[in-house]
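Enquirer: File name run13.csv; file contents CSV, C-alpha atoms; full text below.
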```
chain,number,residue,atom,x,y,z
A,1,MET,CA,14.3,-3.9,-40.3
A,2,SER,CA,11.6,-6.1,-38.7
A,3,ILE,CA,14.1,-7.9,-36.4
A,4,THR,CA,15.7,-4.6,-35.5
A,5,SER,CA,12.4,-3.1,-34.5
A,6,ASP,CA,11.5,-6.1,-32.5
A,7,LEU,CA,14.7,-5.6,-30.5
A,8,LEU,CA,14.1,-1.9,-30.2
A,9,ARG,CA,10.5,-2.2,-29.1
A,10,GLY,CA,11.6,-3.7,-25.8
A,11,HIS,CA,13.3,-0.4,-25.1
A,12,THR,CA,10.5,2.0,-26.1
A,13,ASP,CA,9.9,3.1,-22.5
A,14,THR,CA,13.6,3.8,-21.9
A,15,ILE,CA,13.8,5.7,-25.2
A,16,ILE,CA,10.9,7.9,-24.2
A,17,LEU,CA,12.3,8.5,-20.7
A,18,ALA,CA,15.6,9.5,-22.2
A,19,HIS,CA,13.9,12.0,-24.4
A,20,LEU,CA,11.8,13.4,-21.6
A,21,LYS,CA,14.8,13.8,-19.4
A,22,MET,CA,16.0,16.6,-21.6
A,23,LYS,CA,12.7,18.5,-21.7
A,24,ASP,CA,8.9,18.1,-21.4
A,25,SER,CA,7.5,17.0,-24.7
A,26,TYR,CA,4.5,15.6,-26.6
A,27,GLY,CA,4.0,12.6,-28.8
A,28,TYR,CA,4.8,13.9,-32.2
A,29,GLU,CA,7.8,15.8,-31.0
A,30,ILE,CA,9.3,12.7,-29.4
A,31,ASN,CA,8.7,10.6,-32.5
A,32,LYS,CA,10.2,13.3,-34.7
A,33,ALA,CA,13.3,13.4,-32.4
A,34,ILE,CA,13.6,9.6,-32.7
A,35,GLN,CA,13.4,9.8,-36.5
A,36,GLU,CA,16.0,12.6,-36.7
A,37,LYS,CA,18.4,11.0,-34.3
A,38,THR,CA,18.3,7.7,-36.2
A,39,GLU,CA,18.4,9.5,-39.6
A,40,ASN,CA,15.0,8.0,-40.5
A,41,ARG,CA,16.0,4.5,-39.7
A,42,TYR,CA,13.5,4.1,-36.9
A,43,GLU,CA,10.1,5.5,-36.1
A,44,LEU,CA,7.6,4.4,-33.5
A,45,LYS,CA,4.0,3.7,-34.4
A,46,GLU,CA,1.8,6.3,-32.6
A,47,ALA,CA,-0.2,3.4,-31.0
A,48,THR,CA,3.0,2.1,-29.5
A,49,LEU,CA,3.8,5.5,-28.2
A,50,TYR,CA,0.4,6.1,-26.5
A,51,SER,CA,0.5,2.6,-24.9
A,52,ALA,CA,3.9,3.4,-23.5
A,53,PHE,CA,2.7,6.8,-22.2
A,54,ARG,CA,-0.1,5.1,-20.5
A,55,ARG,CA,2.1,2.5,-19.0
A,56,LEU,CA,4.7,5.0,-17.8
A,57,GLU,CA,2.1,7.3,-16.4
A,58,GLU,CA,0.4,4.5,-14.4
A,59,ALA,CA,3.8,3.6,-13.0
A,60,THR,CA,4.3,7.3,-12.1
A,61,MET,CA,7.5,7.5,-14.1
A,62,ILE,CA,6.0,10.4,-16.1
A,63,THR,CA,3.1,12.8,-15.6
A,64,SER,CA,1.1,14.7,-18.2
A,65,TYR,CA,-0.5,18.0,-18.6
A,66,TRP,CA,-2.4,19.8,-21.4
A,67,GLY,CA,-0.8,22.6,-23.3
A,68,ASP,CA,-2.7,25.9,-23.8
A,69,GLU,CA,-2.9,25.8,-27.6
A,70,THR,CA,-5.6,28.3,-28.7
A,71,THR,CA,-6.1,26.9,-32.2
A,72,GLY,CA,-6.9,23.3,-33.0
A,73,ALA,CA,-6.6,20.4,-30.6
A,74,ARG,CA,-4.6,20.8,-27.4
A,75,ARG,CA,-1.3,19.1,-27.0
A,76,ARG,CA,-0.7,16.6,-24.2
A,77,TYR,CA,2.8,17.2,-22.7
A,78,TYR,CA,4.6,14.6,-20.7
A,79,SER,CA,7.2,15.3,-18.1
A,80,ILE,CA,9.6,12.8,-16.3
A,81,THR,CA,9.3,12.2,-12.5
A,82,ASP,CA,12.1,11.4,-10.1
A,83,LEU,CA,11.1,7.8,-10.3
A,84,GLY,CA,11.3,8.0,-14.1
A,85,ARG,CA,14.9,9.4,-13.8
A,86,MET,CA,15.8,6.6,-11.5
A,87,VAL,CA,14.4,3.9,-13.8
A,88,LEU,CA,16.2,5.5,-16.8
A,89,ARG,CA,19.5,5.4,-15.0
A,90,LYS,CA,19.0,1.8,-14.1
A,91,ASN,CA,17.9,0.8,-17.6
A,92,LYS,CA,21.0,2.5,-19.1
A,93,VAL,CA,23.3,0.5,-16.8
A,94,ASP,CA,21.4,-2.7,-17.7
A,95,TRP,CA,21.7,-1.9,-21.4
A,96,GLU,CA,25.4,-1.3,-21.2
A,97,GLU,CA,25.8,-4.7,-19.4
A,98,THR,CA,23.6,-6.5,-22.0
A,99,LYS,CA,25.5,-4.9,-24.9
A,100,GLY,CA,28.8,-6.0,-23.4
A,101,ILE,CA,27.5,-9.6,-22.9
A,102,ILE,CA,26.1,-9.9,-26.4
A,103,ASP,CA,29.3,-8.3,-27.9
A,104,GLN,CA,31.4,-10.8,-26.0
A,105,LEU,CA,29.2,-13.8,-27.1
A,106,LEU,CA,29.2,-12.8,-30.7
A,107,LYS,CA,32.8,-12.0,-31.0
A,108,GLU,CA,34.6,-14.1,-33.6
A,109,GLU,CA,37.2,-16.1,-31.8
A,110,SER,CA,40.7,-15.2,-33.0
A,111,LEU,CA,42.8,-18.0,-31.7
B,1,MET,CA,-7.2,21.2,-38.4
B,2,ASN,CA,-7.3,18.8,-41.3
B,3,GLU,CA,-10.8,17.5,-41.9
B,4,ARG,CA,-9.7,14.2,-43.4
B,5,ILE,CA,-7.6,13.4,-40.4
B,6,LYS,CA,-10.4,14.3,-38.1
B,7,ALA,CA,-12.8,12.0,-40.1
B,8,TYR,CA,-10.2,9.2,-39.9
B,9,VAL,CA,-9.8,9.6,-36.1
B,10,ASP,CA,-13.5,9.7,-35.7
B,11,SER,CA,-13.8,6.5,-37.6
B,12,ILE,CA,-11.3,4.5,-35.5
B,13,PHE,CA,-13.1,5.7,-32.3
B,14,THR,CA,-16.5,4.7,-33.5
B,15,GLY,CA,-18.1,2.4,-30.9
B,16,ALA,CA,-15.7,3.4,-28.2
B,17,PRO,CA,-17.4,4.8,-25.1
B,18,SER,CA,-17.2,8.5,-24.5
B,19,THR,CA,-15.2,8.4,-21.3
B,20,LYS,CA,-12.7,11.0,-20.4
B,21,LYS,CA,-9.7,8.8,-21.0
B,22,ILE,CA,-11.0,7.9,-24.5
B,23,LEU,CA,-11.7,11.5,-25.4
B,24,ASP,CA,-8.3,12.6,-24.1
B,25,LEU,CA,-6.6,10.0,-26.2
B,26,LYS,CA,-8.6,11.2,-29.2
B,27,GLU,CA,-7.6,14.8,-28.7
B,28,GLU,CA,-4.0,13.9,-28.1
B,29,MET,CA,-4.0,11.8,-31.4
B,30,LEU,CA,-5.6,14.6,-33.3
B,31,SER,CA,-3.1,17.2,-32.2
B,32,ASN,CA,-0.1,14.9,-32.9
B,33,MET,CA,-1.4,13.8,-36.3
B,34,ASN,CA,-2.1,17.4,-37.4
B,35,SER,CA,1.3,18.6,-36.3
B,36,ARG,CA,2.9,15.8,-38.4
B,37,TYR,CA,0.7,16.6,-41.3
B,38,ASP,CA,1.6,20.2,-41.3
B,39,ASP,CA,5.3,19.3,-41.1
B,40,LEU,CA,5.0,17.0,-44.1
B,41,ILE,CA,3.2,19.6,-46.1
B,42,LYS,CA,6.1,22.0,-45.3
B,43,ASP,CA,8.5,19.4,-46.5
B,44,GLY,CA,6.8,19.4,-49.9
B,45,PHE,CA,4.5,16.4,-49.6
B,46,THR,CA,1.2,16.6,-51.5
B,47,PRO,CA,-1.9,16.6,-49.2
B,48,ASP,CA,-2.7,13.1,-50.3
B,49,ASP,CA,0.8,11.7,-49.6
B,50,ALA,CA,0.9,13.6,-46.3
B,51,TYR,CA,-2.5,12.2,-45.2
B,52,HIS,CA,-1.5,8.6,-46.0
B,53,THR,CA,1.9,8.9,-44.3
B,54,VAL,CA,0.2,10.2,-41.2
B,55,VAL,CA,-2.5,7.5,-41.2
B,56,VAL,CA,0.1,4.7,-41.7
B,57,GLY,CA,2.1,6.1,-38.8
B,58,VAL,CA,-0.7,5.6,-36.3
B,59,GLY,CA,-0.6,1.8,-36.4
B,60,ASP,CA,-3.2,-0.3,-34.5
B,61,ILE,CA,-4.8,1.4,-31.5
B,62,SER,CA,-7.5,-1.2,-31.0
B,63,GLU,CA,-5.5,-3.0,-28.3
B,64,LEU,CA,-5.0,0.3,-26.4
B,65,LEU,CA,-8.7,1.1,-26.6
B,66,ARG,CA,-9.6,-2.3,-25.2
B,67,GLN,CA,-7.2,-1.8,-22.3
B,68,ILE,CA,-8.8,1.6,-21.4
B,69,GLN,CA,-12.3,0.1,-21.6
B,70,ASN,CA,-11.4,-2.9,-19.3
B,71,GLU,CA,-10.4,-0.4,-16.7
B,72,THR,CA,-13.9,1.1,-16.7
B,73,ALA,CA,-15.5,-2.3,-16.2
B,74,PHE,CA,-13.5,-2.7,-13.0
B,75,ASN,CA,-15.5,0.1,-11.4
B,76,ALA,CA,-18.8,-1.8,-11.6
B,77,GLN,CA,-17.6,-4.7,-9.6
B,78,TYR,CA,-16.9,-2.5,-6.6
B,79,SER,CA,-20.6,-1.5,-6.2
B,80,GLN,CA,-21.6,-5.2,-6.2
B,81,LYS,CA,-20.0,-5.5,-2.7
B,82,ASP,CA,-21.8,-2.4,-1.5
B,83,ARG,CA,-25.1,-3.9,-2.6
B,84,GLN,CA,-24.5,-7.0,-0.5
B,85,LYS,CA,-23.6,-4.9,2.5
B,86,ASN,CA,-26.7,-2.9,2.0
B,87,ALA,CA,-28.9,-6.1,1.8
B,88,ILE,CA,-27.5,-7.4,5.1
B,89,PHE,CA,-28.2,-4.2,7.0
B,90,VAL,CA,-31.7,-4.0,5.7
B,91,SER,CA,-32.5,-7.6,6.4
B,92,VAL,CA,-31.2,-7.4,10.0
B,93,ALA,CA,-33.2,-4.2,10.6
B,94,VAL,CA,-36.4,-5.8,9.3
B,95,MET,CA,-35.8,-8.9,11.5
B,96,LEU,CA,-35.4,-6.6,14.6
B,97,PHE,CA,-38.7,-4.9,13.7
B,98,VAL,CA,-40.5,-8.2,13.4
B,99,LEU,CA,-39.0,-9.5,16.7
B,100,ALA,CA,-39.9,-6.4,18.6
B,101,PRO,CA,-43.6,-7.1,19.2
B,102,VAL,CA,-42.8,-10.7,20.0
B,103,ILE,CA,-40.9,-9.5,23.1
B,104,LEU,CA,-43.8,-7.4,24.2
B,105,ILE,CA,-46.3,-10.3,23.8
B,106,ALA,CA,-44.0,-12.8,25.5
B,107,MET,CA,-43.2,-10.5,28.4
B,108,ASP,CA,-46.9,-9.8,28.9
B,109,ALA,CA,-47.9,-13.4,28.7
B,110,PHE,CA,-45.2,-15.1,30.7
B,111,ALA,CA,-43.7,-12.5,33.0
B,112,TYR,CA,-46.9,-10.4,33.5
B,113,ASN,CA,-44.7,-7.3,33.1
B,114,SER,CA,-45.9,-5.1,30.2
B,115,VAL,CA,-43.5,-2.2,31.0
B,116,LEU,CA,-40.5,-4.4,30.6
B,117,GLY,CA,-42.0,-5.7,27.4
B,118,VAL,CA,-42.5,-2.2,26.0
B,119,VAL,CA,-38.9,-1.3,26.9
B,120,GLY,CA,-37.6,-4.5,25.2
B,121,MET,CA,-39.7,-3.8,22.1
B,122,LEU,CA,-38.6,-0.2,21.8
B,123,THR,CA,-34.9,-1.2,22.3
B,124,LEU,CA,-35.2,-3.6,19.3
B,125,ILE,CA,-36.9,-1.0,17.2
B,126,ALA,CA,-34.3,1.6,18.1
B,127,LEU,CA,-31.5,-0.8,17.0
B,128,GLY,CA,-33.3,-1.5,13.7
B,129,VAL,CA,-33.7,2.2,13.0
B,130,GLY,CA,-30.1,2.8,13.9
B,131,LEU,CA,-29.0,0.2,11.3
B,132,LEU,CA,-31.2,1.6,8.6
B,133,VAL,CA,-30.0,5.2,9.2
B,134,TYR,CA,-26.4,4.1,9.3
B,135,ASN,CA,-26.9,2.2,6.1
B,136,ALA,CA,-28.5,5.1,4.3
B,137,LEU,CA,-25.8,7.6,5.3
B,138,SER,CA,-22.8,5.3,4.7
B,139,LYS,CA,-23.7,4.4,1.1
B,140,PRO,CA,-21.0,5.5,-1.2
B,141,LYS,CA,-21.7,8.5,-3.3
B,142,TYR,CA,-21.5,7.9,-7.0
B,143,VAL,CA,-18.2,9.4,-8.0
B,144,LYS,CA,-17.9,10.7,-11.5
B,145,GLU,CA,-15.6,8.5,-13.5
B,146,ASP,CA,-15.2,11.1,-16.2
B,147,GLU,CA,-16.3,14.5,-17.4
B,148,THR,CA,-18.8,13.1,-19.8
B,149,ILE,CA,-22.5,13.9,-20.0
B,150,VAL,CA,-23.4,10.3,-19.2
B,151,GLU,CA,-21.4,10.4,-16.0
B,152,GLU,CA,-22.8,13.8,-15.0
B,153,PHE,CA,-26.3,12.4,-15.4
B,154,LYS,CA,-25.4,9.4,-13.2
B,155,GLU,CA,-24.0,11.7,-10.6
B,156,TRP,CA,-27.1,13.9,-10.7
B,157,LYS,CA,-29.3,10.8,-10.5
B,158,SER,CA,-27.3,9.6,-7.5
B,159,LYS,CA,-27.6,13.0,-5.8
B,160,ASN,CA,-31.3,12.9,-6.4
B,161,SER,CA,-31.7,9.5,-4.8
B,162,GLU,CA,-29.5,10.6,-2.0
B,163,THR,CA,-32.0,13.2,-0.9
B,164,LYS,CA,-34.7,10.6,-1.3
B,165,ARG,CA,-32.7,8.3,0.9
B,166,LEU,CA,-32.2,11.0,3.5
B,167,ARG,CA,-35.9,11.7,3.5
B,168,GLY,CA,-36.7,8.1,3.8
B,169,ALA,CA,-34.4,7.8,6.8
B,170,ILE,CA,-35.9,10.8,8.5
B,171,SER,CA,-39.3,9.5,7.9
B,172,SER,CA,-38.6,6.1,9.4
B,173,VAL,CA,-37.0,7.7,12.4
B,174,LEU,CA,-40.0,10.0,12.8
B,175,TRP,CA,-42.6,7.2,12.7
B,176,THR,CA,-40.6,5.0,15.0
B,177,LEU,CA,-40.4,7.8,17.5
B,178,ILE,CA,-44.2,8.4,17.1
B,179,VAL,CA,-44.9,4.8,17.9
B,180,ILE,CA,-42.5,4.9,20.9
B,181,ILE,CA,-44.2,8.0,22.2
B,182,TYR,CA,-47.6,6.6,21.6
B,183,PHE,CA,-46.9,3.4,23.6
B,184,ALA,CA,-45.0,5.2,26.3
B,185,VAL,CA,-47.7,7.8,26.9
B,186,SER,CA,-50.5,5.2,26.7
B,187,PHE,CA,-48.9,2.6,29.0
B,188,LEU,CA,-47.2,4.9,31.5
B,189,LEU,CA,-50.0,7.5,31.8
B,190,GLY,CA,-52.8,5.3,30.8
B,191,ALA,CA,-54.0,7.8,28.3
B,192,TRP,CA,-55.4,5.4,25.8
B,193,PRO,CA,-58.5,7.4,24.9
B,194,ILE,CA,-56.6,10.5,23.8
B,195,SER,CA,-53.1,9.3,22.8
B,196,TRP,CA,-54.1,8.5,19.2
B,197,ILE,CA,-53.8,12.2,18.5
B,198,ILE,CA,-50.0,11.7,18.4
B,199,PHE,CA,-50.4,10.0,15.0
B,200,ILE,CA,-52.2,13.1,13.6
B,201,ILE,CA,-49.3,15.3,14.9
B,202,GLY,CA,-46.9,12.9,13.3
B,203,ALA,CA,-48.6,13.2,9.9
B,204,CYS,CA,-48.4,17.0,10.3
B,205,ILE,CA,-44.6,16.8,11.0
B,206,GLU,CA,-44.1,14.5,8.0
B,207,ALA,CA,-45.9,17.0,5.8
B,208,VAL,CA,-43.7,19.8,7.1
B,209,ILE,CA,-40.5,17.8,6.4
B,210,GLY,CA,-41.7,17.1,2.9
B,211,LEU,CA,-42.3,20.8,2.4
B,212,ILE,CA,-38.8,21.7,3.6
B,213,PHE,CA,-37.3,19.2,1.2
B,214,THR,CA,-39.3,20.6,-1.7
B,215,ILE,CA,-38.2,24.2,-0.9
B,216,LYS,CA,-34.6,23.2,-0.5
B,217,GLY,CA,-34.6,21.2,-3.7
B,218,GLU,CA,-35.5,24.3,-5.7
```
Output the structure of this file as structure tokens.

Expert:
Amino acid sequence: MSITSDLLRGHTDTIILAHLKMKDSYGYEINKAIQEKTENRYELKEATLYSAFRRLEEATMITSYWGDETTGARRRYYSITDLGRMVLRKNKVDWEETKGIIDQLLKEESL
Amino acid sequence: MNERIKAYVDSIFTGAPSTKKILDLKEEMLSNMNSRYDDLIKDGFTPDDAYHTVVVGVGDISELLRQIQNETAFNAQYSQKDRQKNAIFVSVAVMLFVLAPVILIAMDAFAYNSVLGVVGMLTLIALGVGLLVYNALSKPKYVKEDETIVEEFKEWKSKNSETKRLRGAISSVLWTLIVIIYFAVSFLLGAWPISWIIFIIGACIEAVIGLIFTIKGE
């Protein structure tokens, strides 16, 4: 699991962008979606998530706003920007390419 | 709102400055952790298990806190530059003030022309005052970094010293003008015996300006 999460960690930003492309969301909801999609095989640490939010917001790939919860602490929602969409598209293409290369390199030669 | 979670979040934020970014992060964490806790309870976790699962899920936020704090430190460097600019303006202005009478004396002694000397002196003084006033008005206002009480206090303090600065600027212009008028009247009209009264009038005007500021401040 530790090697897998190392490989996955490099794609945290892309994973978050992909989720925000569907709808505005907040930290726990994004993490829950990740857990559900991977059938509990992967889950981000909250600290990783907040660092990513900060990074993405500074790079203006996402913006944030506070929800209007009346009880308890307010939720901080994030929403993807046009730049974020562009980066996501590019990262997806890059990933497909990387996946292809690795697959090819690891393929057992069947001579 | 779960009290144990709140206590835990409070404990990891101990020692972190109360800036807006830090407080925002804290609130964001609280809401996310509580939502998760509620979901876990719904799924049949005991409160103890739910609490521990939530806490383990947070991970290490110390690196993030450090990053946010480093940003704040960046702000202080900026004002260092302003202080240097400020010092240059004031020194040049003082130099001009000191040089002003030198011109008067030199003109009087070597060119036997005291009117030209007065004109030269007053020009230098005017330049100096111009520099001081420009310096006072162009100082950057303290911009609140965050919505915290500390920042609000700093802004209030800065505003307070801004009025002080404005008063100082007005006062220096006023007294320079008084000196100019005094010399002009005395030299050009030869009214030395009576012209000292200008200083009394000046003191009066200064007092009135002080009064105006006091009334406006309230």

Enquirer: Please, which residues of chain A lie no more than 9 Å from chain B when the count uses only C-alpha atoms, and can they be set out as a PyMOL selection string?

Expert: chain A and resi 26-29+32+43-48+50-51+71-76

Enquirer: From the list B:Ala109, B:Ala7, B:Leu166, B:Leu188, which residue is nearest Tyr51 of chain B when using only C-alpha atoms?

Expert: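 Among the listed residues, the smallest separation from Tyr51 of chain B belongs to B:Ala7.
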
Enquirer: Quick one: distance from atom CA of Ser161 of chain B to atom CA of Ala136 of chain B in Å, one decimal?

Expert: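 Rounded to one decimal, the two atoms are 10.6 Å apart.
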
Enquirer: How many Å separate atom CA of Ser5 of chain A from atom CA of Asn31 of chain A?

Expert: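 A separation of 14.3 Å between them.
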
Enquirer: One decimal, in Å: what's the spacing between atom CA of Ile194 of chain B and atom CA of Gly120 of chain B?

Expert: 24.2 Å

Enquirer: Write segment 39-69 of chain A as a compact mmCIF listing (two decimals), in the coordinates of the input, completed to N, CA and C atoms.

Expert:
```txt
# COMPACT_ATOMS: atom_id res chain seq x y z
N GLU A 39 18.34 9.13 -38.14
CA GLU A 39 18.40 9.50 -39.60
C GLU A 39 17.33 8.62 -40.33
N ASN A 40 16.11 8.68 -39.84
CA ASN A 40 15.00 8.00 -40.50
C ASN A 40 15.04 6.49 -40.50
N ARG A 41 15.93 5.91 -39.70
CA ARG A 41 16.00 4.50 -39.70
C ARG A 41 14.98 3.84 -38.75
N TYR A 42 14.51 4.64 -37.82
CA TYR A 42 13.50 4.10 -36.90
C TYR A 42 12.47 5.14 -36.53
N GLU A 43 11.26 4.62 -36.41
CA GLU A 43 10.10 5.50 -36.10
C GLU A 43 9.12 4.65 -35.33
N LEU A 44 8.57 5.19 -34.25
CA LEU A 44 7.60 4.40 -33.50
C LEU A 44 6.20 4.62 -34.12
N LYS A 45 5.39 3.56 -34.06
CA LYS A 45 4.00 3.70 -34.40
C LYS A 45 3.36 4.58 -33.29
N GLU A 46 2.40 5.43 -33.66
CA GLU A 46 1.80 6.30 -32.60
C GLU A 46 1.11 5.41 -31.56
N ALA A 47 0.49 4.30 -31.99
CA ALA A 47 -0.20 3.40 -31.00
C ALA A 47 0.77 2.91 -29.98
N THR A 48 1.98 2.54 -30.42
CA THR A 48 3.00 2.10 -29.50
C THR A 48 3.35 3.18 -28.48
N LEU A 49 3.45 4.38 -29.02
CA LEU A 49 3.80 5.50 -28.20
C LEU A 49 2.75 5.79 -27.12
N TYR A 50 1.48 5.77 -27.51
CA TYR A 50 0.40 6.10 -26.50
C TYR A 50 0.32 4.96 -25.47
N SER A 51 0.52 3.71 -25.91
CA SER A 51 0.50 2.60 -24.90
C SER A 51 1.64 2.83 -23.91
N ALA A 52 2.80 3.22 -24.41
CA ALA A 52 3.90 3.40 -23.50
C ALA A 52 3.66 4.60 -22.56
N PHE A 53 3.08 5.68 -23.07
CA PHE A 53 2.70 6.80 -22.20
C PHE A 53 1.84 6.38 -21.08
N ARG A 54 0.83 5.60 -21.45
CA ARG A 54 -0.10 5.10 -20.50
C ARG A 54 0.55 4.29 -19.38
N ARG A 55 1.39 3.36 -19.87
CA ARG A 55 2.10 2.50 -19.00
C ARG A 55 2.99 3.27 -18.01
N LEU A 56 3.74 4.20 -18.58
CA LEU A 56 4.70 5.00 -17.80
C LEU A 56 3.95 5.89 -16.79
N GLU A 57 2.81 6.42 -17.24
CA GLU A 57 2.10 7.30 -16.40
C GLU A 57 1.48 6.53 -15.19
N GLU A 58 0.97 5.33 -15.47
CA GLU A 58 0.40 4.50 -14.40
C GLU A 58 1.50 4.12 -13.40
N ALA A 59 2.71 3.93 -13.90
CA ALA A 59 3.80 3.60 -13.00
C ALA A 59 4.44 4.80 -12.37
N THR A 60 3.81 5.95 -12.58
CA THR A 60 4.30 7.30 -12.10
C THR A 60 5.71 7.58 -12.44
N MET A 61 6.14 7.12 -13.61
CA MET A 61 7.50 7.50 -14.10
C MET A 61 7.39 8.79 -14.89
N ILE A 62 6.19 9.08 -15.39
CA ILE A 62 6.00 10.40 -16.10
C ILE A 62 4.63 10.93 -15.60
N THR A 63 4.46 12.24 -15.80
CA THR A 63 3.10 12.80 -15.60
C THR A 63 2.78 13.61 -16.84
N SER A 64 1.52 13.95 -16.97
CA SER A 64 1.10 14.70 -18.20
C SER A 64 0.31 15.90 -17.84
N TYR A 65 0.32 16.83 -18.76
CA TYR A 65 -0.50 18.00 -18.60
C TYR A 65 -0.85 18.54 -20.01
N TRP A 66 -1.94 19.30 -20.10
CA TRP A 66 -2.40 19.80 -21.40
C TRP A 66 -1.71 21.15 -21.69
N GLY A 67 -1.29 21.35 -22.91
CA GLY A 67 -0.80 22.60 -23.30
C GLY A 67 -1.91 23.63 -23.50
N ASP A 68 -1.58 24.90 -23.70
CA ASP A 68 -2.70 25.90 -23.80
C ASP A 68 -2.78 26.39 -25.26
N GLU A 69 -2.68 25.47 -26.24
CA GLU A 69 -2.90 25.80 -27.60
C GLU A 69 -4.25 26.48 -27.80
```
